[in-house]
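Asks: Below you will find the structure I want to go over with you.
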Amino acid sequence: MNEVFYVTTPIYYVNSHPHIGHAYTTIATDVFTRYMKLFGAETYFLTGTDEHGQKIAESAANSGIKPQEFVDKISQEFRNLWPHLHIENDQFIRTTDSKHKACVQQILQKIFDQGEIYLKEYEGLYCIGCERFLDEAELENGNCPDHQTPPEFHKEQNYFFRMSSYQAWLSEELMKNENWVYPARYRNELIQLLKNPLQDLCISRPKSRLKWGIELPFDNNFVTYVWFDALLNYASALEWPNGEKFKKFWPNVHHTIGKDILKTHGIYWPCMLKAAGIPVFKKLVVHGHWVVEGNKMSKSIGNVVDPLAMKDQLGVDGLRYFLMRDMSFGEDSNFTKELALTRYNADLANNFGNLMNRSISMSRKNFQESVPPPGAVGNQEKELHEYFAKGVQKCREYIVTFQPHRALEHVLYLSSKVNKYIDTCKPWTLTKDDKDRDRLGTVLYTALDMTRIIVGLLDPVMPKKMYTARKNLGLEQEVIRFSSFSPGLLEPGTKLPKSNPLFPKMQASNVDQDNLKNTQSEKKSNYSAPEKKDQIAIHDFQKMELKVGRIKSCRKVPKSSKLLCSEVDLGENYLRSIISGAAEFYSPEEMTGRLVIVVTNLKPVKLMGIISEGMILFSDDNGKMALIEAPDHVDPGVKVR
Ligand code: ME8
């Protein structure tokens, strides 16, 4: 693949905190990006926040703070969250950015100058939750179907965009381009919607009613309708019309969205693009909704799932895997902790984890802690190789057609195949007699080599665990290449270091017990320097690995007044979570961005249910803690001597 891939998430409203639905879309987009990179594409991944409109202005007023201060705070929450979920976006856009505002005004002026925006008196029913006027036909018992609240009646002068004149064009595009919207059922929904006459779109709000928005460039008594403002982020982020990024990435733009915003993206957005003379997006990728124990997530029911709490329970990779594997992309799916644990144990602990553990431990034991020589390849191996050759291509096909659940189902099927191969070949019966040694080598080599391919295929979904997996296979330094996902490329004699189970089995009751244990260990933990210690020899000191790390994000650990959890870049392929007892001395914002010194080879410990993988060094400063910082020009990952 020699192409570019530009992918976006919706920009999220800042009137509520991030939840598991936001995390799902953003993780899915991250996973698509990582796979496309693996397949050789040059990628660009955009996310951000949607910060104007009546809903946000009201939330700010209810909190008693100015809108700008309010949006700054919640936008930062989204921005801080993503590194904790190992999301590597290239850009984070805010609709309050001045460049974005200027772009919206430029496009409005262009469409206005073309005569496609006009002023008229309008009356209609407005849903603040949806931030749009609703048609009578959309109402359910007089309420908005999505928010179950009655819309407000508004009669006012407003500017309208002649969207109706694009109806015929849009219908035709949808009919002729089968792959424009995925999955197909959402394309059908749009085709159905277009069977009714398309109304012109009200694109302004009078300032007498709403001030929090982008002023219309041709009438300063109005601000821009929030959806007209928000959708343009996808182009403004790349610096439409002349930005280098715009020229490079726009031709292959993909929007990942939830089904709730199909109409705005599938109808308003293409009409806006057509009017502005911007090529229409390449593909709209639509997923369903997570419901919780069968109910829609809602603040009033109190069932909104916090992604960080789930991450703390399942680990970041367990969470990413569950979300990608359990939701059939496009359909709704049920979220429960039990389902997540069942999935983790079945797929990761019992199937793939077990394959890794046993193939590594048998090889270590019988072949001097190394990858065995492959020996002669028989029919069983040939059959497995063929399965893998087809399987790897199948996974790729599933990903490029936006079916991550199917890709993962297939990878785990490959893992079962190798487990079955081991069960059939029974390598444990081949260890006694020297004449079986070649065969033993072949079986274990094949198992390890296939495991290597599976690790590569799982890497975009679980980058941190797969980094450890590669380390366990002695492949830490190897660059992962899709072209190396074919059999026979594992180097015989590669050292297999001693390793712990990659996915230890979890029990529901254990999770809570651990939390309890960790509360106690938090009480015992003491971050101040020891009073006096015996002297140590230099080689004892050298056992300790110290590295420079950049804190990418930081948050308070729930239910703890002392602990902070930082996501630290140590020049590895993933971020480490590190707990420190500095919450009384530093806010998460103060920690973020600092270049610090980290002890990197401490055994991981669990504190308040979170696994901490190192220690950030502080000095004592008259009873307070003061961060020890590295010089500005040093890169993360550099050793401290
Ligand atoms: O609509 N399950 O922002 P928003 C899965 N600002 N995904 C979910 C979900 C759920 N239960 N709930 C929300 C907006 N999402 C606008 C977008 S874009 C130009 C403007 C995800 O904060 C899903 O991606 O309400 C959905 O489309 C999005 O969050 C809505 O986020």
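Residue numbering restarts at 1 in every chain; chains get A, B, ... in the order shown in the structure tokens, and ligands count up from 1 in that same order.
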Can I get the residues close to ligand 1 as number ranges by chain, where close means within 8 Å and we count only C-alpha atoms and all ligand atoms?
Replies: A: 9-16, 18-26, 49-51, 130, 227, 230-234, 256-262, 265, 287-291, 296-297, 332
Asks: Among the residues of segment 60-249 of chain A, find those DSSP assigns to helix (DSSP H, G or I) from the backbone and print them as number ranges by chain.
Replies: A: 60-63, 67-84, 98-113, 136-138, 163-176, 184-193, 226-231, 233-236, 244-249
Asks: Determine, counting only C-alpha atoms, which protein, DNA and RNA residues have an atom within 12 Å of an atom of Thr96 of chain A; residues of the same chain fewer than 3 positions away are not included. Present the result as an mmCIF file with C-alpha atoms, in the first residue's frame.
Replies:
data_model
loop_
_atom_site.group_PDB
_atom_site.id
_atom_site.type_symbol
_atom_site.label_atom_id
_atom_site.label_comp_id
_atom_site.auth_asym_id
_atom_site.auth_seq_id
_atom_site.Cartn_x
_atom_site.Cartn_y
_atom_site.Cartn_z
ATOM 1 C CA ILE A 11 -14.973 16.441 17.758
ATOM 2 C CA VAL A 14 -17.323 19.773 26.016
ATOM 3 C CA GLY A 48 -10.564 17.346 19.088
ATOM 4 C CA THR A 49 -13.396 19.187 20.808
ATOM 5 C CA ASP A 50 -16.548 21.016 19.701
ATOM 6 C CA GLU A 51 -16.848 24.064 21.919
ATOM 7 C CA HIS A 52 -19.524 26.495 20.680
ATOM 8 C CA GLY A 53 -23.320 26.520 20.794
ATOM 9 C CA PRO A 67 -17.609 29.967 28.537
ATOM 10 C CA GLN A 68 -13.934 30.177 27.516
ATOM 11 C CA GLU A 69 -12.725 29.072 30.936
ATOM 12 C CA PHE A 70 -15.306 26.292 30.942
ATOM 13 C CA VAL A 71 -14.362 24.929 27.513
ATOM 14 C CA ASP A 72 -10.635 25.163 28.278
ATOM 15 C CA SER A 75 -11.280 20.190 26.433
ATOM 16 C CA PHE A 92 -6.059 17.850 18.524
ATOM 17 C CA ILE A 93 -8.276 20.608 17.160
ATOM 18 C CA LYS A 99 -7.222 29.357 12.764
ATOM 19 C CA HIS A 100 -10.390 27.307 12.777
ATOM 20 C CA LYS A 101 -12.570 30.377 13.325
ATOM 21 C CA ALA A 102 -10.907 32.171 10.415
ATOM 22 C CA CYS A 103 -11.439 29.161 8.148
ATOM 23 C CA VAL A 104 -15.158 28.940 9.029
ATOM 24 C CA TRP A 212 -21.094 31.938 22.189
ATOM 25 C CA GLY A 213 -20.151 31.160 18.595
ATOM 26 C CA ILE A 214 -18.255 32.341 15.518
ATOM 27 C CA GLU A 215 -19.569 35.637 14.198
ATOM 28 C CA VAL A 226 -22.641 25.105 15.786
ATOM 29 C CA ASP A 229 -18.829 25.507 12.517
ATOM 30 C CA ALA A 230 -17.966 22.018 13.838
ATOM 31 C CA ASN A 233 -12.915 21.327 11.597
ATOM 32 C CA SER A 236 -9.594 23.700 8.854
#
Asks: Skip Gly318 of chain A itself and residues of its chain fewer than 4 positions away, then list as number ranges by chain all residues within 10 Å of it, counting only C-alpha atoms.
Replies: A: 310-314, 322-323, 340-341, 343-345, 348, 461-462, 465, 503
Asks: I'd like the contact shell of Val443 of chain A - 8 Å cut-off, only C-alpha atoms, skipping same-chain residues fewer than 2 positions apart - returned as a PyMOL selection string.
Replies: chain A and resi 374+422+425+427+439-441+445-447
Asks: Using only C-alpha atoms, can you tell me which of A:Val4, A:Leu489, A:Leu134, A:Met36 comes closest to Lys282 of chain A?
Replies: A:Val4
